[in-house]
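Here is the structure we will look at.
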Amino acid sequence: MKTLKFILAAAIGVLLFACQPTTPPCPEDSGVVPEIERSGPEPTTPEETEVYEPVPPKVTPGAAATGFSSAPSDAIVLFDGTHLDAWYMAQDSTAAKWALNADGSMTVANRTGNLQTKENFGSIQLHLEWASPAEIIGENQSRSNSGVFIQQRYEVQILDNNDNPTYTNGQVGALYKQKVPLAMASVPSGEWNAYDIVFHAPEFNEAGQKSKSGTLTVFHNGVLIQDHVTIEGIIQYIGWPTNEPHGDAPIVLQDHGDNSRVRFRNIWLRKLD
Ligand code: MG
């Protein structure tokens, strides 16, 4: 009898609390992406969101995967080595101040600020090549730190990690402070790396709530290092990612402000929406 009463009570409970059309919509039905549960309170220091283990394995890329590749016919070329016309300074929209080099590359001009595309983009396939200098200066996050921020908000880290460990969710190829890369596939310092990135932009409903998470796939010198990962939100140096609504936005290249001397060349993208 007790068992029967328990089953009856449980059934009534389920009926009362189950998601019904007349009740507020269930999370899975609302079109809103629920926030990822975090452990503990909101971090107040950068260190609280640094991850150190496990350390991704090192992979030596194949020679054919590195080096210059020309853009496909339908690509938007953002940098072909001849000018910086697709870019301006992020902080004030003035002309790009980074150095244009004779070899068809450009170099981060220390403490001039970030570069930003003049055009806004949604979902994209992005190709870019970068090289950290052969001359080693600095360590940890201060050794040739740059990065590509997609939609101004989602950074794929660029860093000289050769014999230079750092927190793994901030190492080369990380979706900064969100996703540790699957492998560390850098070439020796001074040589050219290639990133091939597929980014699907997050979507937001009219109420400003995220209705679809963004996703990111990254090949580093032909090695898959981010495999269609879900982007949790807008990257924060301190604290959990946030999800303020936004639309199409520029691509930003980072001046980390500590003499990174990173060079870029051959930057192009294809729109996916
Ligand atoms: Mg960076």
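Residues in the structure tokens are named by chain (A, B, ... in the order shown) and by number from 1 within that chain; ligands are numbered from 1 in the order shown.
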
Report as a tab-separated table: every residue of chain A with an atom at most 6 Å from ligand 1, its closest pair of atoms, and their distance in Å to one decimal, counting only C-alpha atoms and all ligand atoms, with rows sorted by chain and ascending residue number.
```
residue	atom	partner	partner_atom_place_in_ligand_line	distance
A:Asn145	CA	ligand 1	1 (Mg)	5.0
A:Ser146	CA	ligand 1	1 (Mg)	4.1
A:Gly147	CA	ligand 1	1 (Mg)	4.2
A:Gln157	CA	ligand 1	1 (Mg)	4.9
A:Ile158	CA	ligand 1	1 (Mg)	5.6
```

- Item | Residue contacts of region 167-179 of chain A (9 Å, only C-alpha atoms) excluding same-chain residues fewer than 2 positions away, as number ranges by chain | A: 49-56, 140-141, 145, 147, 154-161, 165, 181-186, 195, 216, 218-220, 225-226, 229-233, 235-237, 240-241

- With only C-alpha atoms as the basis for distance, which of A:Ala63, A:Ile234, A:Val77, A:Ala86 is at the shortest distance from Gln125 (chain A)?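 Nearest candidate to Gln125 (chain A) out of A:Ala63, A:Ile234, A:Val77, A:Ala86: A:Val77.
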
Closest atom pairs, region 84-120 of chain A residues within 9 Å of region 254-268 of chain A, only C-alpha atoms, as a tab-separated table:
```
residue	atom	partner	partner_atom	distance
A:Gly104	CA	A:Arg265	CA	6.5
A:Ser105	CA	A:Arg265	CA	4.6
A:Met106	CA	A:Phe264	CA	5.3
A:Thr107	CA	A:Arg263	CA	4.3
A:Val108	CA	A:Arg261	CA	5.5
A:Ala109	CA	A:Arg261	CA	7.2
A:Asn110	CA	A:Asn259	CA	5.2
A:Arg111	CA	A:Gly257	CA	4.7
A:Thr112	CA	A:Asp255	CA	7.2
A:Gly113	CA	A:Asp255	CA	5.4
A:Asn114	CA	A:Gln254	CA	4.8
A:Leu115	CA	A:Gln254	CA	6.7
A:Gln116	CA	A:Gln254	CA	8.8
```

- Provide the CA of Pro72 (chain A) to CA of Arg270 (chain A) distance in Å, to one decimal place.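 So the two atoms, CA of Pro72 (chain A) and CA of Arg270 (chain A), lie 8.5 Å apart.
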